[in-house]
>>> print(open('input.cif').read())   # mmCIF, N, CA and C atoms
data_structure
#
loop_
_atom_site.group_PDB
_atom_site.id
_atom_site.type_symbol
_atom_site.label_atom_id
_atom_site.label_comp_id
_atom_site.auth_asym_id
_atom_site.auth_seq_id
_atom_site.Cartn_x
_atom_site.Cartn_y
_atom_site.Cartn_z
ATOM 1 N N MET A 20 120.201 83.922 86.190
ATOM 2 C CA MET A 20 118.925 84.380 86.710
ATOM 3 C C MET A 20 118.839 84.208 88.217
ATOM 4 N N THR A 21 119.350 83.104 88.724
ATOM 5 C CA THR A 21 119.292 82.842 90.155
ATOM 6 C C THR A 21 120.085 83.880 90.930
ATOM 7 N N LEU A 22 121.279 84.214 90.450
ATOM 8 C CA LEU A 22 122.081 85.231 91.134
ATOM 9 C C LEU A 22 121.397 86.586 91.074
ATOM 10 N N GLY A 23 120.715 86.861 89.975
ATOM 11 C CA GLY A 23 119.959 88.113 89.864
ATOM 12 C C GLY A 23 118.850 88.195 90.896
ATOM 13 N N LEU A 24 118.161 87.082 91.117
ATOM 14 C CA LEU A 24 117.120 87.042 92.149
ATOM 15 C C LEU A 24 117.719 87.289 93.530
ATOM 16 N N LEU A 25 118.849 86.674 93.783
ATOM 17 C CA LEU A 25 119.486 86.856 95.089
ATOM 18 C C LEU A 25 119.992 88.289 95.259
ATOM 19 N N ASP A 26 120.440 88.902 94.152
ATOM 20 C CA ASP A 26 120.826 90.318 94.207
ATOM 21 C C ASP A 26 119.631 91.186 94.571
ATOM 22 N N ARG A 27 118.479 90.895 93.966
ATOM 23 C CA ARG A 27 117.256 91.653 94.279
ATOM 24 C C ARG A 27 116.842 91.442 95.728
ATOM 25 N N LEU A 28 116.959 90.211 96.209
ATOM 26 C CA LEU A 28 116.604 89.925 97.596
ATOM 27 C C LEU A 28 117.549 90.659 98.548
ATOM 28 N N GLU A 29 118.822 90.659 98.217
ATOM 29 C CA GLU A 29 119.796 91.379 99.034
ATOM 30 C C GLU A 29 119.464 92.869 99.087
ATOM 31 N N SER A 30 119.119 93.427 97.960
ATOM 32 C CA SER A 30 118.757 94.841 97.894
ATOM 33 C C SER A 30 117.535 95.137 98.757
ATOM 34 N N ARG A 31 116.560 94.238 98.730
ATOM 35 C CA ARG A 31 115.341 94.431 99.530
ATOM 36 C C ARG A 31 115.667 94.418 101.025
ATOM 37 N N PHE A 32 116.545 93.498 101.443
ATOM 38 C CA PHE A 32 116.912 93.451 102.863
ATOM 39 C C PHE A 32 117.749 94.659 103.259
ATOM 40 N N GLU A 33 118.596 95.134 102.365
ATOM 41 C CA GLU A 33 119.349 96.360 102.656
ATOM 42 C C GLU A 33 118.402 97.537 102.843
ATOM 43 N N ASN A 34 117.365 97.613 101.990
ATOM 44 C CA ASN A 34 116.360 98.667 102.135
ATOM 45 C C ASN A 34 115.615 98.552 103.459
ATOM 46 N N LEU A 35 115.317 97.327 103.860
ATOM 47 C CA LEU A 35 114.638 97.122 105.141
ATOM 48 C C LEU A 35 115.507 97.593 106.293
ATOM 49 N N ILE A 36 116.787 97.289 106.249
ATOM 50 C CA ILE A 36 117.692 97.713 107.319
ATOM 51 C C ILE A 36 117.741 99.234 107.400
ATOM 52 N N VAL A 37 117.812 99.902 106.255
ATOM 53 C CA VAL A 37 117.815 101.371 106.242
ATOM 54 C C VAL A 37 116.517 101.901 106.850
ATOM 55 N N ALA A 38 115.389 101.294 106.474
ATOM 56 C CA ALA A 38 114.096 101.724 107.008
ATOM 57 C C ALA A 38 114.021 101.496 108.518
ATOM 58 N N LEU A 39 114.506 100.346 108.977
ATOM 59 C CA LEU A 39 114.488 100.066 110.411
ATOM 60 C C LEU A 39 115.371 101.041 111.171
ATOM 61 N N ASP A 40 116.512 101.371 110.608
ATOM 62 C CA ASP A 40 117.404 102.332 111.264
ATOM 63 C C ASP A 40 116.776 103.717 111.322
ATOM 64 N N GLY A 41 115.947 104.056 110.317
ATOM 65 C CA GLY A 41 115.285 105.355 110.291
ATOM 66 C C GLY A 41 114.061 105.430 111.185
ATOM 67 N N GLN A 42 113.538 104.289 111.602
ATOM 68 C CA GLN A 42 112.385 104.179 112.496
ATOM 69 C C GLN A 42 111.130 104.862 111.943
ATOM 70 N N ASP A 43 110.989 104.905 110.632
ATOM 71 C CA ASP A 43 109.790 105.444 109.988
ATOM 72 C C ASP A 43 108.859 104.264 109.701
ATOM 73 N N ALA A 44 107.728 104.236 110.387
ATOM 74 C CA ALA A 44 106.827 103.080 110.295
ATOM 75 C C ALA A 44 106.383 102.800 108.862
ATOM 76 N N ASP A 45 106.017 103.838 108.118
ATOM 77 C CA ASP A 45 105.573 103.622 106.739
ATOM 78 C C ASP A 45 106.687 103.044 105.870
ATOM 79 N N ALA A 46 107.902 103.542 106.046
ATOM 80 C CA ALA A 46 109.043 103.037 105.270
ATOM 81 C C ALA A 46 109.345 101.583 105.639
ATOM 82 N N ILE A 47 109.201 101.240 106.922
ATOM 83 C CA ILE A 47 109.436 99.863 107.368
ATOM 84 C C ILE A 47 108.407 98.922 106.745
ATOM 85 N N ILE A 48 107.152 99.324 106.779
ATOM 86 C CA ILE A 48 106.086 98.496 106.218
ATOM 87 C C ILE A 48 106.292 98.295 104.721
ATOM 88 N N GLU A 49 106.636 99.361 104.022
ATOM 89 C CA GLU A 49 106.863 99.278 102.579
ATOM 90 C C GLU A 49 108.059 98.381 102.254
ATOM 91 N N ALA A 50 109.152 98.557 102.996
ATOM 92 C CA ALA A 50 110.358 97.753 102.747
ATOM 93 C C ALA A 50 110.111 96.278 103.063
ATOM 94 N N ALA A 51 109.385 96.012 104.136
ATOM 95 C CA ALA A 51 109.090 94.622 104.500
ATOM 96 C C ALA A 51 108.179 93.967 103.459
ATOM 97 N N ALA A 52 107.200 94.712 102.971
ATOM 98 C CA ALA A 52 106.275 94.170 101.969
ATOM 99 C C ALA A 52 106.984 93.875 100.651
ATOM 100 N N ALA A 53 108.035 94.612 100.342
ATOM 101 C CA ALA A 53 108.758 94.416 99.080
ATOM 102 C C ALA A 53 109.587 93.132 99.086
ATOM 103 N N ILE A 54 109.821 92.567 100.244
ATOM 104 C CA ILE A 54 110.634 91.356 100.345
ATOM 105 C C ILE A 54 109.858 90.116 99.897
ATOM 106 N N ARG A 55 108.607 89.999 100.300
ATOM 107 C CA ARG A 55 107.816 88.793 100.064
ATOM 108 C C ARG A 55 107.756 88.367 98.599
ATOM 109 N N PRO A 56 107.483 89.279 97.643
ATOM 110 C CA PRO A 56 107.417 88.827 96.245
ATOM 111 C C PRO A 56 108.732 88.215 95.743
ATOM 112 N N VAL A 57 109.850 88.768 96.172
ATOM 113 C CA VAL A 57 111.141 88.236 95.733
ATOM 114 C C VAL A 57 111.403 86.886 96.394
ATOM 115 N N VAL A 58 111.025 86.760 97.663
ATOM 116 C CA VAL A 58 111.167 85.467 98.346
ATOM 117 C C VAL A 58 110.336 84.415 97.620
ATOM 118 N N ASN A 59 109.134 84.775 97.217
ATOM 119 C CA ASN A 59 108.287 83.831 96.464
ATOM 120 C C ASN A 59 108.962 83.399 95.167
ATOM 121 N N GLU A 60 109.575 84.361 94.467
ATOM 122 C CA GLU A 60 110.282 84.015 93.228
ATOM 123 C C GLU A 60 111.446 83.063 93.504
ATOM 124 N N VAL A 61 112.196 83.349 94.565
ATOM 125 C CA VAL A 61 113.327 82.486 94.918
ATOM 126 C C VAL A 61 112.828 81.081 95.247
ATOM 127 N N GLU A 62 111.753 80.999 96.023
ATOM 128 C CA GLU A 62 111.200 79.692 96.377
ATOM 129 C C GLU A 62 110.719 78.940 95.140
ATOM 130 N N ASN A 63 110.065 79.642 94.226
ATOM 131 C CA ASN A 63 109.515 78.996 93.023
ATOM 132 C C ASN A 63 110.592 78.506 92.073
ATOM 133 N N THR A 64 111.733 79.174 92.040
ATOM 134 C CA THR A 64 112.804 78.756 91.139
ATOM 135 C C THR A 64 113.743 77.752 91.797
ATOM 136 N N GLY A 65 113.630 77.586 93.112
ATOM 137 C CA GLY A 65 114.537 76.682 93.805
ATOM 138 C C GLY A 65 115.962 77.217 93.819
ATOM 139 N N ALA A 66 116.102 78.519 93.968
ATOM 140 C CA ALA A 66 117.412 79.179 93.872
ATOM 141 C C ALA A 66 118.415 78.665 94.892
ATOM 142 N N TRP A 67 117.951 78.139 95.996
ATOM 143 C CA TRP A 67 118.878 77.692 97.034
ATOM 144 C C TRP A 67 119.533 76.358 96.693
ATOM 145 N N HIS A 68 119.119 75.722 95.613
ATOM 146 C CA HIS A 68 119.708 74.450 95.197
ATOM 147 C C HIS A 68 120.758 74.679 94.117
ATOM 148 N N GLY A 69 121.713 75.531 94.389
ATOM 149 C CA GLY A 69 122.717 75.852 93.395
ATOM 150 C C GLY A 69 124.080 75.353 93.802
ATOM 151 N N GLY A 70 125.064 75.855 93.125
ATOM 152 C CA GLY A 70 126.428 75.447 93.405
ATOM 153 C C GLY A 70 127.070 76.300 94.479
ATOM 154 N N THR A 71 128.379 76.319 94.455
ATOM 155 C CA THR A 71 129.168 77.020 95.454
ATOM 156 C C THR A 71 128.872 78.510 95.478
ATOM 157 N N GLU A 72 128.745 79.111 94.303
ATOM 158 C CA GLU A 72 128.482 80.561 94.225
ATOM 159 C C GLU A 72 127.135 80.906 94.863
ATOM 160 N N ILE A 73 126.124 80.099 94.600
ATOM 161 C CA ILE A 73 124.796 80.318 95.189
ATOM 162 C C ILE A 73 124.873 80.177 96.704
ATOM 163 N N ASN A 74 125.556 79.145 97.170
ATOM 164 C CA ASN A 74 125.675 78.931 98.617
ATOM 165 C C ASN A 74 126.389 80.099 99.289
ATOM 166 N N LYS A 75 127.406 80.632 98.629
ATOM 167 C CA LYS A 75 128.131 81.779 99.182
ATOM 168 C C LYS A 75 127.212 82.999 99.293
ATOM 169 N N ARG A 76 126.412 83.238 98.245
ATOM 170 C CA ARG A 76 125.476 84.370 98.249
ATOM 171 C C ARG A 76 124.401 84.200 99.323
ATOM 172 N N LEU A 77 123.941 82.956 99.506
ATOM 173 C CA LEU A 77 122.933 82.710 100.540
ATOM 174 C C LEU A 77 123.506 82.947 101.933
ATOM 175 N N LEU A 78 124.767 82.621 102.137
ATOM 176 C CA LEU A 78 125.410 82.888 103.420
ATOM 177 C C LEU A 78 125.502 84.394 103.664
ATOM 178 N N GLU A 79 125.850 85.144 102.633
ATOM 179 C CA GLU A 79 125.884 86.603 102.756
ATOM 180 C C GLU A 79 124.493 87.151 103.075
ATOM 181 N N LEU A 80 123.487 86.603 102.405
ATOM 182 C CA LEU A 80 122.111 87.024 102.656
ATOM 183 C C LEU A 80 121.675 86.716 104.082
ATOM 184 N N SER A 81 122.112 85.591 104.614
ATOM 185 C CA SER A 81 121.716 85.227 105.978
ATOM 186 C C SER A 81 122.234 86.256 106.984
ATOM 187 N N LYS A 82 123.370 86.866 106.689
ATOM 188 C CA LYS A 82 123.895 87.910 107.579
ATOM 189 C C LYS A 82 123.004 89.146 107.546
ATOM 190 N N LEU A 83 122.503 89.509 106.366
ATOM 191 C CA LEU A 83 121.579 90.640 106.272
ATOM 192 C C LEU A 83 120.254 90.338 106.966
ATOM 193 N N ILE A 84 119.798 89.117 106.813
ATOM 194 C CA ILE A 84 118.552 88.720 107.473
ATOM 195 C C ILE A 84 118.716 88.784 108.982
ATOM 196 N N ASP A 85 119.844 88.300 109.495
ATOM 197 C CA ASP A 85 120.111 88.386 110.932
ATOM 198 C C ASP A 85 120.191 89.837 111.398
ATOM 199 N N ALA A 86 120.805 90.702 110.600
ATOM 200 C CA ALA A 86 120.897 92.122 110.949
ATOM 201 C C ALA A 86 119.498 92.741 111.008
ATOM 202 N N SER A 87 118.626 92.332 110.086
ATOM 203 C CA SER A 87 117.247 92.822 110.095
ATOM 204 C C SER A 87 116.511 92.344 111.341
ATOM 205 N N LYS A 88 116.664 91.056 111.664
ATOM 206 C CA LYS A 88 115.994 90.504 112.846
ATOM 207 C C LYS A 88 116.473 91.204 114.118
ATOM 208 N N TYR A 89 117.761 91.484 114.198
ATOM 209 C CA TYR A 89 118.300 92.181 115.367
ATOM 210 C C TYR A 89 117.630 93.545 115.521
ATOM 211 N N ARG A 90 117.519 94.273 114.427
ATOM 212 C CA ARG A 90 116.909 95.605 114.488
ATOM 213 C C ARG A 90 115.431 95.532 114.853
ATOM 214 N N VAL A 91 114.726 94.547 114.315
ATOM 215 C CA VAL A 91 113.316 94.380 114.662
ATOM 216 C C VAL A 91 113.180 94.106 116.160
ATOM 217 N N ASN A 92 114.000 93.216 116.687
ATOM 218 C CA ASN A 92 113.948 92.903 118.116
ATOM 219 C C ASN A 92 114.289 94.125 118.964
ATOM 220 N N MET A 93 115.281 94.896 118.531
ATOM 221 C CA MET A 93 115.681 96.089 119.270
ATOM 222 C C MET A 93 114.536 97.117 119.292
ATOM 223 N N LEU A 94 113.910 97.350 118.137
ATOM 224 C CA LEU A 94 112.810 98.308 118.080
ATOM 225 C C LEU A 94 111.590 97.822 118.859
ATOM 226 N N THR A 95 111.335 96.527 118.833
ATOM 227 C CA THR A 95 110.234 95.971 119.607
ATOM 228 C C THR A 95 110.452 96.221 121.092
ATOM 229 N N ASP A 96 111.672 95.974 121.557
ATOM 230 C CA ASP A 96 111.988 96.209 122.959
ATOM 231 C C ASP A 96 111.902 97.696 123.306
ATOM 232 N N LEU A 97 112.389 98.548 122.425
ATOM 233 C CA LEU A 97 112.336 99.988 122.655
ATOM 234 C C LEU A 97 110.890 100.467 122.769
ATOM 235 N N ASN A 98 110.025 99.980 121.884
ATOM 236 C CA ASN A 98 108.611 100.360 121.944
ATOM 237 C C ASN A 98 107.936 99.834 123.202
ATOM 238 N N ARG A 99 108.311 98.632 123.623
ATOM 239 C CA ARG A 99 107.750 98.093 124.870
ATOM 240 C C ARG A 99 108.158 98.978 126.046
ATOM 241 N N GLN A 100 109.416 99.385 126.072
ATOM 242 C CA GLN A 100 109.900 100.253 127.150
ATOM 243 C C GLN A 100 109.173 101.594 127.134
ATOM 244 N N ARG A 101 108.965 102.149 125.960
ATOM 245 C CA ARG A 101 108.246 103.426 125.854
ATOM 246 C C ARG A 101 106.818 103.289 126.366
ATOM 247 N N ALA A 102 106.137 102.214 125.987
ATOM 248 C CA ALA A 102 104.768 101.991 126.442
ATOM 249 C C ALA A 102 104.725 101.833 127.961
ATOM 250 N N GLU A 103 105.696 101.122 128.495
ATOM 251 C CA GLU A 103 105.761 100.942 129.942
ATOM 252 C C GLU A 103 106.002 102.282 130.647
ATOM 253 N N ASN A 104 106.887 103.084 130.128
ATOM 254 C CA ASN A 104 107.163 104.400 130.729
ATOM 255 C C ASN A 104 105.946 105.311 130.655
ATOM 256 N N LEU A 105 105.217 105.278 129.551
ATOM 257 C CA LEU A 105 104.004 106.084 129.439
ATOM 258 C C LEU A 105 102.941 105.631 130.432
ATOM 259 N N THR A 106 102.818 104.333 130.607
ATOM 260 C CA THR A 106 101.852 103.796 131.565
ATOM 261 C C THR A 106 102.202 104.243 132.979
ATOM 262 N N LEU A 107 103.464 104.156 133.345
ATOM 263 C CA LEU A 107 103.898 104.583 134.666
ATOM 264 C C LEU A 107 103.749 106.095 134.838
ATOM 265 N N ALA A 108 104.024 106.862 133.786
ATOM 266 C CA ALA A 108 103.891 108.320 133.854
ATOM 267 C C ALA A 108 102.431 108.736 134.005
ATOM 268 N N ALA A 109 101.513 107.904 133.527
ATOM 269 C CA ALA A 109 100.085 108.194 133.649
ATOM 270 C C ALA A 109 99.567 107.877 135.047
ATOM 271 N N GLY A 110 100.422 107.337 135.903
ATOM 272 C CA GLY A 110 100.034 107.100 137.279
ATOM 273 C C GLY A 110 99.627 105.687 137.617
ATOM 274 N N PHE A 111 99.775 104.772 136.701
ATOM 275 C CA PHE A 111 99.449 103.381 136.986
ATOM 276 C C PHE A 111 100.648 102.720 137.639
ATOM 277 N N ASP A 112 100.391 101.925 138.685
ATOM 278 C CA ASP A 112 101.487 101.258 139.391
ATOM 279 C C ASP A 112 102.091 100.122 138.559
ATOM 280 N N THR A 113 101.239 99.433 137.850
ATOM 281 C CA THR A 113 101.696 98.284 137.083
ATOM 282 C C THR A 113 101.433 98.536 135.609
ATOM 283 N N PRO A 114 102.448 98.426 134.797
ATOM 284 C CA PRO A 114 102.215 98.590 133.362
ATOM 285 C C PRO A 114 101.234 97.544 132.838
ATOM 286 N N SER A 115 100.304 97.979 132.034
ATOM 287 C CA SER A 115 99.300 97.054 131.500
ATOM 288 C C SER A 115 99.682 96.645 130.082
ATOM 289 N N ILE A 116 100.874 96.112 129.956
ATOM 290 C CA ILE A 116 101.340 95.686 128.651
ATOM 291 C C ILE A 116 101.774 94.232 128.723
ATOM 292 N N TYR A 117 101.791 93.622 127.579
ATOM 293 C CA TYR A 117 102.200 92.221 127.497
ATOM 294 C C TYR A 117 103.703 92.100 127.691
ATOM 295 N N ARG A 118 104.092 91.116 128.450
ATOM 296 C CA ARG A 118 105.516 90.792 128.616
ATOM 297 C C ARG A 118 105.711 89.325 128.266
ATOM 298 N N LYS A 119 106.845 89.036 127.645
ATOM 299 C CA LYS A 119 107.165 87.661 127.355
ATOM 300 C C LYS A 119 107.459 86.939 128.669
ATOM 301 N N PRO A 120 106.968 85.704 128.805
ATOM 302 C CA PRO A 120 107.318 84.931 129.998
ATOM 303 C C PRO A 120 108.812 84.607 129.981
ATOM 304 N N LEU A 121 109.416 84.602 131.144
ATOM 305 C CA LEU A 121 110.850 84.301 131.227
ATOM 306 C C LEU A 121 111.132 82.875 131.067
#
>>> encode(input="input.cif", output="structure tokens")
Amino acid sequence: MTLGLLDRLESRFENLIVALDGQDADAIIEAAAAIRPVVNEVENTGAWHGGTEINKRLLELSKLIDASKYRVNMLTDLNRQRAENLTLAAGFDTPSIYRKPL
């Protein structure tokens, strides 16, 4: 059962990556929302407290999670750049958008 849960979680993250690559906001929201229920199931069963096979699957999952985070960060930066370019194109000298402090 634990491996089945991890398979479902892996599938959800793969779907999220596909949605992020497609840049369709509705698909991203739907794929992201589908992850939470499976994460809750994994947390409730304590799936991460398994043997070698479970640990191996969790390591594989961490790579998908990192790939998802990378894409989210990339799209966030791309959208920030687009907003900044639109602000400058509208004739404002200084973009009126939030920037992370260095």
>>> select_by_dssp(input="input.cif", residues="chain A", states="helix (DSSP H, G or I)", output="PyMOL selection string")
chain A and resi 21-41+44-64+71-108
>>> atom_distance(input="input.cif", atom1="atom N of Glu62 (chain A)", atom2="CA of Asp45 (chain A)")
25.8 Å
>>> closest_residue(input="input.cif", among="A:Leu22, A:Leu28, A:Ala108, A:Val58", to="Leu80 (chain A)", atoms="all atoms listed in the file")
A:Leu28
>>> axis_aligned_box(input="input.cif", around="region 85-103 of chain A", padding_each_side="8 Å", output="lines of an AutoDock Vina configuration file")
center_x = 112.8
center_y = 95.9
center_z = 120.1
size_x = 32.2
size_y = 31.1
size_z = 37.2
>>> residues_around(input="input.cif", residues="Ala50 (chain A)", least_positions_apart="4", cutoff="8 Å", atoms="only C-alpha atoms", output="compact mmCIF listing (two decimals) with N, CA and C atoms, in the frame of the given file")
# COMPACT_ATOMS: atom_id res chain seq x y z
N ARG A 31 116.56 94.24 98.73
CA ARG A 31 115.34 94.43 99.53
C ARG A 31 115.67 94.42 101.02
N PHE A 32 116.54 93.50 101.44
CA PHE A 32 116.91 93.45 102.86
C PHE A 32 117.75 94.66 103.26
N ASN A 34 117.36 97.61 101.99
CA ASN A 34 116.36 98.67 102.14
C ASN A 34 115.62 98.55 103.46
N LEU A 35 115.32 97.33 103.86
CA LEU A 35 114.64 97.12 105.14
C LEU A 35 115.51 97.59 106.29
N ALA A 38 115.39 101.29 106.47
CA ALA A 38 114.10 101.72 107.01
C ALA A 38 114.02 101.50 108.52
N ALA A 46 107.90 103.54 106.05
CA ALA A 46 109.04 103.04 105.27
C ALA A 46 109.34 101.58 105.64
N ILE A 54 109.82 92.57 100.24
CA ILE A 54 110.63 91.36 100.34
C ILE A 54 109.86 90.12 99.90
>>> atom_distance(input="input.cif", atom1="atom N of Lys88 (chain A)", atom2="CA of Leu39 (chain A)")
9.4 Å
>>> atom_distance(input="input.cif", atom1="atom N of Gln100 (chain A)", atom2="atom N of Ile47 (chain A)")
19.2 Å
